[in-house]
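What follows is the content of start-v8.cif, which has mmCIF, C-alpha atoms:
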```cif
data_model
loop_
_atom_site.label_atom_id
_atom_site.label_comp_id
_atom_site.auth_asym_id
_atom_site.auth_seq_id
_atom_site.Cartn_x
_atom_site.Cartn_y
_atom_site.Cartn_z
CA MET A 1302 -6.78 29.60 7.17
CA ASP A 1303 -8.71 26.57 5.88
CA ILE A 1304 -6.91 23.34 6.81
CA GLY A 1305 -7.50 21.87 3.34
CA LEU A 1306 -5.78 24.82 1.66
CA LEU A 1307 -2.87 24.50 4.09
CA ASP A 1308 -2.60 20.82 3.24
CA ARG A 1309 -2.44 21.55 -0.49
CA ILE A 1310 0.21 24.25 -0.04
CA ALA A 1311 2.26 22.11 2.34
CA GLY A 1312 2.06 19.08 0.06
CA LEU A 1313 3.12 21.01 -3.02
CA ALA A 1314 6.02 22.63 -1.15
CA PHE A 1315 7.15 19.20 0.04
CA LEU A 1316 6.95 17.79 -3.49
CA ILE A 1317 9.07 20.64 -4.82
CA LEU A 1318 11.72 19.74 -2.22
CA VAL A 1319 11.60 16.08 -3.31
CA PHE A 1320 11.83 16.95 -7.02
CA CYS A 1321 14.81 19.21 -6.34
CA TRP A 1322 16.55 16.62 -4.16
CA LEU A 1323 16.14 13.41 -6.14
CA LYS A 1324 18.32 13.21 -9.22
CA PRO A 1325 17.79 10.93 -12.24
CA GLU A 1326 19.31 7.50 -11.76
CA LYS A 1327 22.36 6.55 -13.79
CA GLU A 1328 21.77 3.74 -16.27
CA LYS A 1329 24.52 1.55 -14.84
CA GLN A 1330 22.86 1.58 -11.42
CA LYS A 1331 19.52 0.27 -12.61
CA GLU A 1332 20.45 -3.40 -12.78
CA LYS A 1333 22.67 -3.60 -9.70
CA ASP A 1334 20.94 -1.89 -6.81
CA SER A 1335 19.21 -3.64 -3.91
CA ARG A 1336 16.29 -1.27 -3.59
CA LEU A 1337 13.78 -3.99 -4.39
CA VAL A 1338 14.50 -5.37 -0.92
CA PHE A 1339 13.70 -1.98 0.60
CA PHE A 1340 10.34 -1.79 -1.16
CA ASP A 1341 9.45 -5.33 -0.10
CA PHE A 1342 10.49 -4.32 3.43
CA ALA A 1343 8.22 -1.26 3.22
CA LYS A 1344 5.30 -3.37 1.96
CA GLY A 1345 5.85 -5.82 4.81
CA LEU A 1346 5.76 -3.02 7.36
CA ALA A 1347 2.66 -1.56 5.70
CA ILE A 1348 0.69 -4.81 5.90
CA LEU A 1349 1.82 -5.25 9.52
CA ILE A 1350 0.31 -1.85 10.34
CA VAL A 1351 -2.89 -2.69 8.44
CA VAL A 1352 -3.35 -5.89 10.46
CA ALA A 1353 -2.68 -3.98 13.68
CA ILE A 1354 -5.35 -1.41 12.79
CA HIS A 1355 -7.85 -4.14 11.91
CA THR A 1356 -7.13 -6.01 15.13
CA GLY A 1357 -8.66 -3.18 17.16
CA GLY A 1358 -7.52 -2.12 20.60
CA ILE A 1359 -4.03 -1.24 19.37
CA LEU A 1360 -4.83 1.61 17.02
CA PRO A 1361 -8.49 2.60 17.50
CA ARG A 1362 -9.86 4.59 14.55
CA GLY A 1363 -9.15 8.27 15.04
CA SER A 1364 -6.64 7.74 17.88
CA PRO A 1365 -3.26 9.56 17.69
CA PRO A 1366 -1.28 6.36 16.86
CA GLU A 1367 -3.74 5.45 14.10
CA ARG A 1368 -3.54 8.96 12.69
CA VAL A 1369 0.27 8.75 12.62
CA LEU A 1370 0.28 5.32 10.95
CA TRP A 1371 -2.53 5.89 8.45
CA PHE A 1372 0.11 6.00 5.68
CA ALA A 1373 0.15 2.17 5.48
CA LEU A 1374 -2.16 1.66 2.46
CA PRO A 1375 -0.85 4.72 0.53
CA LEU A 1376 2.69 3.43 1.21
CA PHE A 1377 1.67 0.06 -0.20
CA VAL A 1378 0.38 1.79 -3.35
CA ILE A 1379 3.65 3.74 -3.74
CA CYS A 1380 5.60 0.48 -3.47
CA SER A 1381 3.27 -1.21 -5.97
CA GLY A 1382 3.81 1.57 -8.51
CA TYR A 1383 7.56 1.34 -8.03
CA LEU A 1384 7.85 -2.45 -8.18
CA LEU A 1385 5.51 -2.80 -11.17
CA THR A 1386 7.47 -0.21 -13.13
CA ARG A 1387 10.79 -1.87 -12.26
CA ARG A 1388 9.43 -5.24 -13.34
CA TYR A 1389 8.61 -3.91 -16.81
CA ALA A 1390 11.58 -1.54 -17.13
CA SER A 1391 13.17 -3.53 -19.96
CA GLY A 1392 10.01 -3.74 -22.05
CA PHE A 1393 6.24 -3.99 -21.87
CA ASN A 1394 4.06 -6.58 -23.56
CA ALA A 1395 0.37 -5.86 -23.00
CA ALA A 1396 -0.76 -9.46 -23.56
CA LYS A 1397 1.77 -10.84 -21.08
CA PHE A 1398 0.90 -8.12 -18.57
CA VAL A 1399 -2.82 -8.94 -18.74
CA SER A 1400 -2.10 -12.66 -18.47
CA SER A 1401 0.25 -12.18 -15.51
CA THR A 1402 -2.23 -9.90 -13.70
CA PHE A 1403 -5.06 -12.36 -14.26
CA TRP A 1404 -3.20 -15.44 -13.04
CA ARG A 1405 -1.30 -13.79 -10.18
CA LEU A 1406 -3.91 -11.42 -8.78
CA VAL A 1407 -7.38 -11.51 -10.36
CA LEU A 1408 -7.94 -15.28 -10.19
CA PRO A 1409 -6.70 -15.76 -6.58
CA TYR A 1410 -8.74 -12.75 -5.44
CA ALA A 1411 -11.91 -13.89 -7.26
CA ALA A 1412 -11.52 -17.47 -6.02
CA TYR A 1413 -11.06 -16.32 -2.42
CA THR A 1414 -14.03 -13.94 -2.65
CA ILE A 1415 -16.31 -16.73 -3.88
CA PHE A 1416 -14.92 -19.18 -1.30
CA ALA A 1417 -15.52 -16.64 1.46
CA GLY A 1418 -19.03 -16.01 0.10
CA PHE A 1419 -19.86 -19.70 0.52
CA PHE A 1420 -18.02 -20.64 3.71
CA LEU A 1421 -16.76 -17.65 5.73
CA TYR A 1422 -19.22 -14.79 5.23
CA PRO A 1423 -22.21 -16.49 3.53
CA ARG A 1424 -24.03 -14.54 0.87
CA THR A 1425 -27.72 -15.05 0.07
CA ASN A 1426 -27.09 -15.65 -3.62
CA PHE A 1427 -24.34 -16.24 -6.14
CA VAL A 1428 -25.05 -12.97 -7.96
CA GLN A 1429 -24.07 -11.03 -4.84
CA MET A 1430 -20.80 -12.98 -4.71
CA LEU A 1431 -20.07 -11.92 -8.27
CA ILE A 1432 -20.85 -8.30 -7.38
CA ASP A 1433 -18.41 -8.59 -4.49
CA ILE A 1434 -15.52 -9.17 -6.90
CA PRO A 1435 -15.40 -5.79 -8.72
CA LEU A 1436 -16.53 -3.79 -5.67
CA GLY A 1437 -14.60 -5.57 -2.92
CA THR A 1438 -17.75 -5.67 -0.79
CA GLN A 1439 -17.20 -9.14 0.64
CA ASN A 1440 -17.23 -9.06 4.48
CA GLY A 1441 -18.41 -5.48 4.66
CA GLY A 1442 -15.91 -4.10 2.17
CA THR A 1443 -12.68 -5.37 3.73
CA LEU A 1444 -11.25 -6.31 0.32
CA PHE A 1445 -11.91 -2.99 -1.44
CA PHE A 1446 -8.19 -2.47 -1.89
CA ILE A 1447 -7.75 -5.29 -4.45
CA PRO A 1448 -10.15 -3.92 -7.12
CA LEU A 1449 -8.78 -0.45 -6.37
CA LEU A 1450 -5.27 -1.74 -7.10
CA LEU A 1451 -6.47 -3.41 -10.30
CA GLN A 1452 -7.71 -0.04 -11.55
CA LEU A 1453 -4.21 1.35 -11.05
CA TYR A 1454 -2.76 -1.67 -12.86
CA ALA A 1455 -5.03 -0.84 -15.81
CA LEU A 1456 -3.75 2.75 -15.77
CA PHE A 1457 -0.19 1.43 -15.71
CA ALA A 1458 -0.88 -0.61 -18.86
CA VAL A 1459 -2.24 2.48 -20.63
CA LEU A 1460 0.80 4.57 -19.68
CA GLN A 1461 3.23 1.83 -20.72
CA ASN A 1462 1.53 1.51 -24.10
CA TRP A 1463 1.78 5.26 -24.77
CA PRO A 1464 5.31 6.37 -23.78
CA ALA A 1465 4.61 10.03 -24.60
CA LEU A 1466 1.63 10.02 -22.22
CA ARG A 1467 3.75 8.27 -19.60
CA ARG A 1468 6.49 10.90 -19.84
CA LEU A 1469 3.88 13.63 -19.54
CA ALA A 1470 2.25 11.98 -16.50
CA LEU A 1471 5.60 11.60 -14.72
CA HIS A 1472 6.71 15.19 -15.28
CA PRO A 1473 7.01 17.07 -11.94
CA VAL A 1474 4.38 19.63 -12.98
CA SER A 1475 1.97 16.82 -13.91
CA LEU A 1476 2.69 15.07 -10.61
CA MET A 1477 1.73 18.20 -8.70
CA LEU A 1478 -1.49 18.47 -10.69
CA ILE A 1479 -2.21 14.78 -10.02
CA PHE A 1480 -1.56 15.48 -6.33
CA LEU A 1481 -4.24 18.18 -6.37
CA LEU A 1482 -6.63 15.93 -8.31
CA SER A 1483 -6.20 13.01 -5.91
CA TYR A 1484 -6.59 15.36 -2.97
CA ALA A 1485 -9.88 16.67 -4.38
CA ILE A 1486 -11.18 13.14 -4.97
CA SER A 1487 -10.15 12.06 -1.48
CA ASP A 1488 -11.77 15.14 0.02
CA ALA A 1489 -15.02 14.42 -1.84
CA ASP A 1490 -14.84 10.79 -0.75
CA HIS A 1491 -14.50 11.76 2.93
CA ALA A 1492 -17.42 14.16 2.60
CA LEU A 1493 -19.59 11.53 0.89
CA ARG A 1494 -18.87 8.84 3.46
CA ALA A 1495 -19.06 11.29 6.40
CA GLY A 1496 -16.48 9.37 8.43
CA GLN A 1497 -18.04 5.93 7.81
CA TRP A 1498 -15.50 4.16 5.65
CA ASN A 1499 -17.83 1.62 4.01
CA SER A 1500 -21.01 3.68 3.71
CA HIS A 1501 -20.46 4.31 -0.04
CA VAL A 1502 -18.63 1.37 -1.57
CA GLU A 1503 -18.40 2.94 -5.02
CA SER A 1504 -16.41 5.91 -3.69
CA LEU A 1505 -14.35 3.69 -1.40
CA VAL A 1506 -13.22 1.40 -4.20
CA PHE A 1507 -12.52 4.20 -6.72
CA ALA A 1508 -8.75 4.47 -7.25
CA GLY A 1509 -8.71 8.22 -7.83
CA ARG A 1510 -7.79 9.06 -4.24
CA TYR A 1511 -4.72 6.79 -4.50
CA LEU A 1512 -3.73 7.88 -8.01
CA PHE A 1513 -1.02 10.27 -6.83
CA TYR A 1514 0.65 7.63 -4.65
CA PHE A 1515 0.81 5.10 -7.49
CA VAL A 1516 2.22 7.59 -10.00
CA ILE A 1517 4.82 8.94 -7.56
CA GLY A 1518 5.90 5.32 -7.06
CA MET A 1519 6.36 5.00 -10.83
CA TRP A 1520 8.33 8.25 -10.87
CA LEU A 1521 10.69 7.01 -8.15
CA THR A 1522 11.94 4.16 -10.35
CA GLY A 1523 13.95 6.63 -12.44
CA HIS A 1524 15.52 8.42 -9.48
CA ASP A 1525 18.32 7.75 -7.08
CA LEU A 1526 17.66 6.48 -3.55
CA GLU A 1527 21.17 5.28 -2.77
CA GLU A 1528 23.00 5.47 0.57
CA LYS A 1529 25.04 8.49 -0.48
CA LYS A 1530 21.80 10.44 -0.50
CA ALA A 1531 20.98 9.64 3.14
CA ALA A 1532 22.23 12.97 4.50
CA LYS A 1533 20.23 14.91 1.93
CA THR A 1534 17.20 12.74 2.65
CA GLU A 1535 17.44 13.70 6.30
CA LEU A 1536 17.65 17.36 5.33
CA VAL A 1537 14.53 17.07 3.17
CA LEU A 1538 12.71 15.37 6.04
CA LEU A 1539 13.73 18.05 8.53
CA LEU A 1540 12.72 20.85 6.18
CA SER A 1541 9.45 19.32 5.12
CA LEU A 1542 8.02 18.01 8.39
CA PRO A 1543 7.06 21.49 9.70
CA LEU A 1544 5.33 22.14 6.36
CA LEU A 1545 3.28 18.97 6.67
CA LEU A 1546 2.44 19.63 10.32
CA LEU A 1547 0.85 22.91 9.28
CA ALA A 1548 -1.88 20.82 7.68
CA TYR A 1549 -2.44 18.50 10.65
CA ASP A 1550 -5.77 18.87 12.42
CA PRO A 1551 -5.58 16.85 15.67
CA LEU A 1552 -9.32 17.31 16.32
CA GLY A 1553 -10.62 16.34 12.87
CA TRP A 1554 -10.14 13.81 10.10
CA ASP A 1555 -7.76 15.93 8.05
CA GLN A 1556 -4.33 14.39 7.57
CA PRO A 1557 -1.42 15.70 5.48
CA PHE A 1558 -2.01 14.20 2.04
CA ALA A 1559 1.71 14.12 1.10
CA TYR A 1560 2.62 12.48 4.43
CA PRO A 1561 2.96 8.90 3.00
CA VAL A 1562 5.76 10.09 0.68
CA TRP A 1563 7.50 11.64 3.68
CA ALA A 1564 7.01 8.35 5.55
CA LEU A 1565 8.62 6.44 2.65
CA LEU A 1566 11.73 8.64 2.80
CA ALA A 1567 11.85 8.30 6.59
CA LEU A 1568 11.58 4.51 6.29
CA HIS A 1569 14.41 4.53 3.77
CA LEU A 1570 16.65 6.20 6.35
CA ILE A 1571 15.62 3.62 8.96
CA TYR A 1572 16.23 0.83 6.47
CA GLN A 1573 19.76 2.10 5.73
CA TRP A 1574 20.51 2.07 9.45
CA LEU A 1575 18.96 -1.37 10.06
CA LYS A 1576 20.86 -3.12 7.29
CA GLU A 1577 24.17 -2.01 8.84
CA ASN A 1578 23.30 -3.79 12.10
CA GLY A 1579 23.66 -7.55 12.27
CA LEU A 1580 20.58 -8.46 14.29
CA ALA A 1581 18.43 -5.85 12.56
CA ARG A 1582 19.15 -7.44 9.17
CA HIS A 1583 17.01 -10.38 10.25
CA LEU A 1584 14.12 -7.96 10.81
CA ILE A 1585 14.61 -6.61 7.28
CA GLY A 1586 14.55 -10.12 5.85
CA TRP A 1587 11.42 -11.07 7.80
CA LEU A 1588 9.52 -7.95 6.72
CA ALA A 1589 10.70 -8.31 3.12
CA VAL A 1590 9.28 -11.86 2.95
CA ILE A 1591 6.01 -10.61 4.44
CA GLY A 1592 6.05 -7.86 1.80
CA GLN A 1593 6.33 -10.42 -1.00
CA TYR A 1594 3.18 -12.15 0.27
CA SER A 1595 1.42 -8.99 1.42
CA LEU A 1596 -1.57 -9.20 -0.94
CA ILE A 1597 -2.57 -12.70 0.16
CA ILE A 1598 -2.01 -11.65 3.79
CA TYR A 1599 -4.30 -8.68 3.19
CA MET A 1600 -6.97 -10.98 1.77
CA ILE A 1601 -6.98 -13.67 4.46
CA HIS A 1602 -6.09 -11.82 7.67
CA PRO A 1603 -9.70 -10.76 8.47
CA ALA A 1604 -10.72 -14.44 8.43
CA VAL A 1605 -7.70 -15.39 10.54
CA LEU A 1606 -8.65 -12.76 13.09
CA GLY A 1607 -12.36 -13.60 13.06
CA TYR A 1608 -12.23 -17.38 12.99
CA ALA A 1609 -8.90 -18.38 14.54
CA LEU A 1610 -7.89 -15.70 17.02
CA TRP A 1611 -10.87 -13.83 18.46
CA PRO A 1612 -12.50 -17.09 19.66
CA LEU A 1613 -9.28 -17.68 21.67
CA ASP A 1614 -9.24 -14.11 22.95
CA GLY A 1615 -9.83 -15.11 26.57
CA PHE A 1616 -6.80 -17.40 26.57
CA VAL A 1617 -4.32 -14.54 26.03
CA PRO A 1618 -2.63 -14.13 29.43
CA PHE A 1619 -2.20 -10.33 29.14
CA GLU A 1620 -4.69 -7.49 29.20
CA GLY A 1621 -4.72 -4.04 27.68
CA TRP A 1622 -2.64 -2.78 24.77
CA PHE A 1623 -0.11 -5.64 24.91
CA HIS A 1624 -3.00 -8.09 24.72
CA TYR A 1625 -3.96 -6.75 21.28
CA VAL A 1626 -0.33 -6.59 20.13
CA LEU A 1627 0.01 -10.34 20.73
CA ILE A 1628 -3.18 -11.00 18.76
CA ALA A 1629 -2.02 -8.79 15.87
CA LEU A 1630 1.40 -10.48 15.74
CA ALA A 1631 -0.25 -13.90 15.81
CA ALA A 1632 -2.54 -12.80 12.95
CA VAL A 1633 0.45 -11.66 10.87
CA ILE A 1634 2.41 -14.85 11.52
CA ILE A 1635 -0.52 -17.19 10.81
CA SER A 1636 -1.60 -15.21 7.73
CA SER A 1637 2.00 -15.14 6.46
CA VAL A 1638 2.54 -18.89 6.85
CA LEU A 1639 -0.87 -19.79 5.47
CA GLY A 1640 -0.55 -17.23 2.67
CA LYS A 1641 2.89 -18.51 1.68
CA LEU A 1642 1.68 -22.11 1.61
CA LEU A 1643 -1.33 -21.17 -0.49
CA MET A 1644 0.58 -19.00 -2.97
CA ASP A 1645 3.55 -21.37 -3.28
CA GLY A 1646 1.13 -24.22 -3.99
CA TYR A 1647 -0.77 -22.05 -6.44
CA ALA A 1648 2.48 -20.97 -8.16
CA ALA A 1649 3.51 -24.62 -8.58
CA MET A 1650 0.11 -25.44 -10.09
CA LEU A 1651 0.31 -22.33 -12.28
CA LYS A 1652 3.60 -23.44 -13.81
CA LYS A 1653 1.90 -26.60 -15.05
CA ILE A 1654 -1.15 -24.75 -16.40
CA ASN A 1655 0.54 -21.60 -17.71
CA PRO A 1656 4.36 -21.94 -17.93
CA ASN A 1657 4.70 -18.29 -19.05
#
```
Any chance you could give the structure as structure tokens?
Amino acid sequence: MDIGLLDRIAGLAFLILVFCWLKPEKEKQKEKDSRLVFFDFAKGLAILIVVAIHTGGILPRGSPPERVLWFALPLFVICSGYLLTRRYASGFNAAKFVSSTFWRLVLPYAAYTIFAGFFLYPRTNFVQMLIDIPLGTQNGGTLFFIPLLLQLYALFAVLQNWPALRRLALHPVSLMLIFLLSYAISDADHALRAGQWNSHVESLVFAGRYLFYFVIGMWLTGHDLEEKKAAKTELVLLLSLPLLLLAYDPLGWDQPFAYPVWALLALHLIYQWLKENGLARHLIGWLAVIGQYSLIIYMIHPAVLGYALWPLDGFVPFEGWFHYVLIALAAVIISSVLGKLLMDGYAAMLKKINPN
């Protein structure tokens, strides 16, 4: 049977299990749960994996570890959909949303892209720098994810402005149709790029292939992920993993499209276990802080790797896989500290310019 058809069937079967398992959240729980920490933790882990993949030598493209951990960016999109919806759960003001998105994401991204175009990865002309902003083509397309995310933010604004459309989009049947749509777009994107991720920037930056992940993140905000569900979560994972493995092609590029949602549920189980262990709680806190600054880390880590760490490559006293792990960890730590300093300074300046 065609692996793509298997993937669609497996993904839909898995989604049916999730829809049957997760129950609507009670109103009184919405203001008092600590799930925001979990989603920051998940974002922190996701950006850690992204840096590891970009470091090279740890997770070479197409290797088994990389194929297991490919869920990092889709997981980030799921978390973004969840956190954005939670942030505007009590009400949505389009003008404030546009203003917040501009000051907190668009302006820092555009400023960094232009800065990089002058000093880090020089462009031949200013027009090309401006083109880099909507297409994410600066430094060979490493920042494609930011304009992709902005497209999903625009969709979020549309859905929040039309509640009836939002309810329709978040209905389980609609979610399964969106799953099939995103799968088709992703499949076409892979075929167009023929395994070369930046060969067609327009398809790479198009948010359609991540649409399902963002909308399922929005859907999760109205459903219960509390500790009492852990046993049922484990059951869903055990039942669904064989379904997803049916669609795994170890010799090709095909990967189970619903796998990032499975990974999110698995991480939630791990999170519940970690937060009950004293030492592990420090790991949660560290990853949650990284998650809060994950977008700036995503933006600057290629420069940190290229300009600060690879020139010192020969000074690392270990060889092989551990050698690259040290470099990746150093990249995360330096990017986190530098990113936090930059964004905290920017936030302080922003309060003076735009108090709202």
* Matched chain/residue IDs from the PyMOL selection byres ((chain A and resi 1440) around 12), as number ranges by chain -> A: 1413-1424, 1429-1430, 1433-1434, 1436-1439, 1441-1445, 1499, 1600-1604, 1607
* To do: Would you mind listing what lies within 6 Å of range 1513-1517 of chain A as a PyMOL selection string, with only C-alpha atoms counted and same-chain residues fewer than 4 positions away left out?
  => chain A and resi 1378-1379+1382+1479-1480+1483
* To do: Find the residues around Val1537 in chain A up to 8 Å (all atoms listed in the file counted), leave out those fewer than 4 positions away in its own chain, and share them as a PyMOL selection string.
  => chain A and resi 1318-1319+1322+1533+1541
Serialized selection, C-alpha atoms, as a PDB file, keeping the file's coordinate frame:
```pdb
ATOM      1  CA  LEU A1318      11.720  19.740  -2.220  1.00  0.00           C
ATOM      2  CA  VAL A1319      11.600  16.080  -3.310  1.00  0.00           C
ATOM      3  CA  TRP A1322      16.550  16.620  -4.160  1.00  0.00           C
ATOM      4  CA  LYS A1533      20.230  14.910   1.930  1.00  0.00           C
ATOM      5  CA  SER A1541       9.450  19.320   5.120  1.00  0.00           C
TER       6      SER A1541
END
```
* Asked: How would you write as a ChimeraX atom specification the residues that get within 12 Å of (0.1, -20.4, 3.2) in the file's frame, counting all atoms listed in the file?
  -> /A:1591,1594-1595,1597-1598,1600-1602,1605,1633-1648
Can you tell me, as an mmCIF file with C-alpha atoms, keeping the file's coordinate frame, what residues are no more than 10 Å from range 1394-1405 of chain A when counting all atoms listed in the file, ignoring any on the same chain fewer than 6 positions away?
```cif
data_model
loop_
_atom_site.group_PDB
_atom_site.id
_atom_site.type_symbol
_atom_site.label_atom_id
_atom_site.label_comp_id
_atom_site.auth_asym_id
_atom_site.auth_seq_id
_atom_site.Cartn_x
_atom_site.Cartn_y
_atom_site.Cartn_z
ATOM 1 C CA ALA A 1411 -11.910 -13.890 -7.260
ATOM 2 C CA LEU A 1451 -6.470 -3.410 -10.300
ATOM 3 C CA TYR A 1454 -2.760 -1.670 -12.860
ATOM 4 C CA ALA A 1455 -5.030 -0.840 -15.810
ATOM 5 C CA ALA A 1458 -0.880 -0.610 -18.860
ATOM 6 C CA VAL A 1459 -2.240 2.480 -20.630
ATOM 7 C CA GLN A 1461 3.230 1.830 -20.720
ATOM 8 C CA ASN A 1462 1.530 1.510 -24.100
ATOM 9 C CA MET A 1644 0.580 -19.000 -2.970
ATOM 10 C CA TYR A 1647 -0.770 -22.050 -6.440
ATOM 11 C CA ALA A 1648 2.480 -20.970 -8.160
ATOM 12 C CA LEU A 1651 0.310 -22.330 -12.280
ATOM 13 C CA ASN A 1655 0.540 -21.600 -17.710
ATOM 14 C CA ASN A 1657 4.700 -18.290 -19.050
#
```
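If you measure from each of A:Phe1507, A:Tyr1484, A:Phe1342, A:Phe1315 to Phe1377 in chain A using only C-alpha atoms, the closest one turns out to be A:Phe1342.
Taking CA of Tyr1625 in chain A as the reference point, CA of Leu1346 in chain A is found at 17.4 Å.
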* Asked: Just how far from CA of Tyr1608 in chain A is CA of Val1369 in chain A, in Å to one decimal?
  -> 29.0 Å
